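Heads up, the thing below is written out as C-alpha cells.
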Amino acid sequence: MSGIRDGRGFFLNYTAMALYSNLPVYKATYDLLIEFYRREDTIPRKYRYSIVDEIKRHLCDLLSMVYQANASQDKKPFLRQAMRDIEEVKIRVRILSDLHVLGVKHFADICVREESISKQLTAWHNSVR
C-alpha cells in the first residue's frame, strides 16, 4: 500500500507530486527569464519595451503553465499552452537576432536553452496519457 499512516495506524492515500519549482523545465525557464532581465539594459529601448517585454511575458506565462500542469490531473491543455509559449519566445528571439540586437554567441546560448525547454515540454506532454 502506498501512503503514510495516520495516528490510528490507517494508511492515508496520497499522490506523489513534485514541487513545480524543482522541475528541470521550470528551472530552465526561470533561468532564461532571469537572463532577459539581466541583459535588459544592453538592449535598445525601442526593442526593450516591445519585443523583450513580450518575451518576458511569455516566459512568465510558461512558468505558470508548468505550475498548473504539475498541479492538475489533466496536464495536456497546460502543456500545449506552454509549448505555444516557448514557440512565441523562439519567434521573438529570432526577430531580435535578425535585427542584430543579439550577438551570435548570445543568440546561440538562448537557442540552446529554448530547445532544452521545448524538448522537456514535449517529452512531458508525450508521457501524459
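Ligands are numbered from 1 in the order shown, chains are lettered A, B, ... in the order of the C-alpha cells, and residues start at 1 in each chain.
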Asp74 (chain A) surroundings by only C-alpha atoms, 10 Å radius, close-in-sequence under 5 positions cut, as a compact mmCIF listing (two decimals) with N, CA, C and O atoms, in the first residue's frame:
# COMPACT_ATOMS: atom_id res chain seq x y z
N GLN A 68 0.67 24.95 -13.32
CA GLN A 68 -0.68 24.43 -13.44
C GLN A 68 -0.69 22.98 -13.94
O GLN A 68 -1.50 22.17 -13.48
N ALA A 69 0.19 22.67 -14.86
CA ALA A 69 0.26 21.28 -15.36
C ALA A 69 0.68 20.35 -14.24
O ALA A 69 0.14 19.24 -14.11
N LEU A 79 0.20 21.91 -20.87
CA LEU A 79 1.45 21.64 -21.57
C LEU A 79 1.40 22.12 -23.01
O LEU A 79 2.40 22.63 -23.54
N VAL A 128 2.28 11.92 -20.82
CA VAL A 128 0.96 12.02 -20.16
C VAL A 128 -0.06 11.28 -21.01
O VAL A 128 -0.10 11.41 -22.23
N ARG A 129 -0.90 10.52 -20.34
CA ARG A 129 -1.93 9.75 -21.06
C ARG A 129 -3.10 10.61 -21.42
O ARG A 129 -3.49 11.52 -20.90
Which residues are near region 89-99 of chain A? Cut-off 7 Å, only C-alpha atoms, ignore same chain within fewer than 5 positions. Put them as a tab-separated table (two decimals) with N, CA, C and O atoms, in the first residue's frame.
chain	number	residue	atom	x	y	z
A	51	ILE	N	9.48	44.00	-27.92
A	51	ILE	CA	9.79	42.58	-28.12
A	51	ILE	C	10.27	41.90	-26.85
A	51	ILE	O	9.82	40.80	-26.51
A	55	ILE	N	8.67	38.78	-24.71
A	55	ILE	CA	9.42	37.56	-24.37
A	55	ILE	C	9.27	37.26	-22.89
A	55	ILE	O	8.97	36.13	-22.50
A	58	HIS	N	5.76	35.98	-22.09
A	58	HIS	CA	5.57	34.58	-22.50
A	58	HIS	C	6.32	33.63	-21.58
A	58	HIS	O	5.82	32.54	-21.27
A	107	PHE	N	22.75	34.79	-28.96
A	107	PHE	CA	21.64	34.15	-29.66
A	107	PHE	C	21.76	32.63	-29.59
A	107	PHE	O	20.79	31.92	-29.31
A	114	GLU	N	16.27	27.48	-25.15
A	114	GLU	CA	14.91	27.32	-25.67
A	114	GLU	C	14.66	25.88	-26.12
A	114	GLU	O	13.60	25.32	-25.84
Worksheet item: Taking the backbone alone, and naming residues the way the document does, which bits of chain A are strand (DSSP E) by DSSP, as JSON, numbers by chain?
Response: {"A": [4, 5, 11, 12]}
Please dump the current selection as an mmCIF file, in the first residue's frame; keep C-alpha atoms.
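Contents of again04.cif, as written:
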data_model
loop_
_atom_site.group_PDB
_atom_site.id
_atom_site.type_symbol
_atom_site.label_atom_id
_atom_site.label_comp_id
_atom_site.auth_asym_id
_atom_site.auth_seq_id
_atom_site.Cartn_x
_atom_site.Cartn_y
_atom_site.Cartn_z
ATOM 1 C CA ILE A 4 1.523 7.199 5.162
ATOM 2 C CA ARG A 5 -0.007 6.046 8.401
ATOM 3 C CA PHE A 11 -2.861 4.292 5.620
ATOM 4 C CA LEU A 12 -3.690 7.627 4.071
#
Worksheet entry | Closest of A:Val112, A:Ala123, A:Val104, A:Val66 to Lys27 (chain A) - atom-to-atom distances counting only C-alpha atoms | A:Val66
Discussion item. Give me the residues near Asp53 (chain A) as JSON, numbers by chain, where near means some atom within 12 Å (using only C-alpha atoms) and where sequence neighbours in that chain fewer than 5 positions away do not count.
Written reply: {"A": [33, 36, 37, 40, 43, 45, 46, 47, 48, 58, 59, 60, 89, 92, 93]}
Fill in: Using only C-alpha atoms: which of A:Tyr67, A:Ile86, A:Ile110, A:Tyr30 has the shortest distance to Glu54 (chain A)
A:Ile86
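A straight line drawn from CA of Asp31 (chain A) to CA of Leu63 (chain A) is 10.8 Å long.
From CA of Leu19 (chain A) back to CA of Asn70 (chain A), the distance works out to 7.9 Å.
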Worksheet item: Looking at A:Ser116, A:Asn22, A:His125, A:Thr29, which one is nearest to Lys76 (chain A), with distances taken over only C-alpha atoms?
Response: A:His125
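Within region 66-102 of chain A, DSSP run on the backbone puts these residues in helix (DSSP H, G or I): Val66, Tyr67, Gln68, Ala69, Asn70, Ala71, Lys76, Pro77, Phe78, Leu79, Arg80, Gln81, Ala82, Met83, Arg84, Asp85, Ile86, Glu87, Glu88, Val89, Lys90, Ile91, Arg92, Val93, Arg94, Ile95, Leu96, Ser97 and Asp98 of chain A.
Between CA of Glu88 (chain A) and CA of Tyr20 (chain A) there is a distance of 22.0 Å.
Of the listed residues A:Val52, A:Val101, A:Ala108, A:Ala82, the one whose atoms come nearest to Gln120 (chain A) is A:Ala82, with distances taken using only C-alpha atoms.
Shortest atom-to-atom contact with Gln81 (chain A) among A:Leu102, A:Leu121, A:Val25, A:Leu32: A:Leu121, counting only C-alpha atoms.
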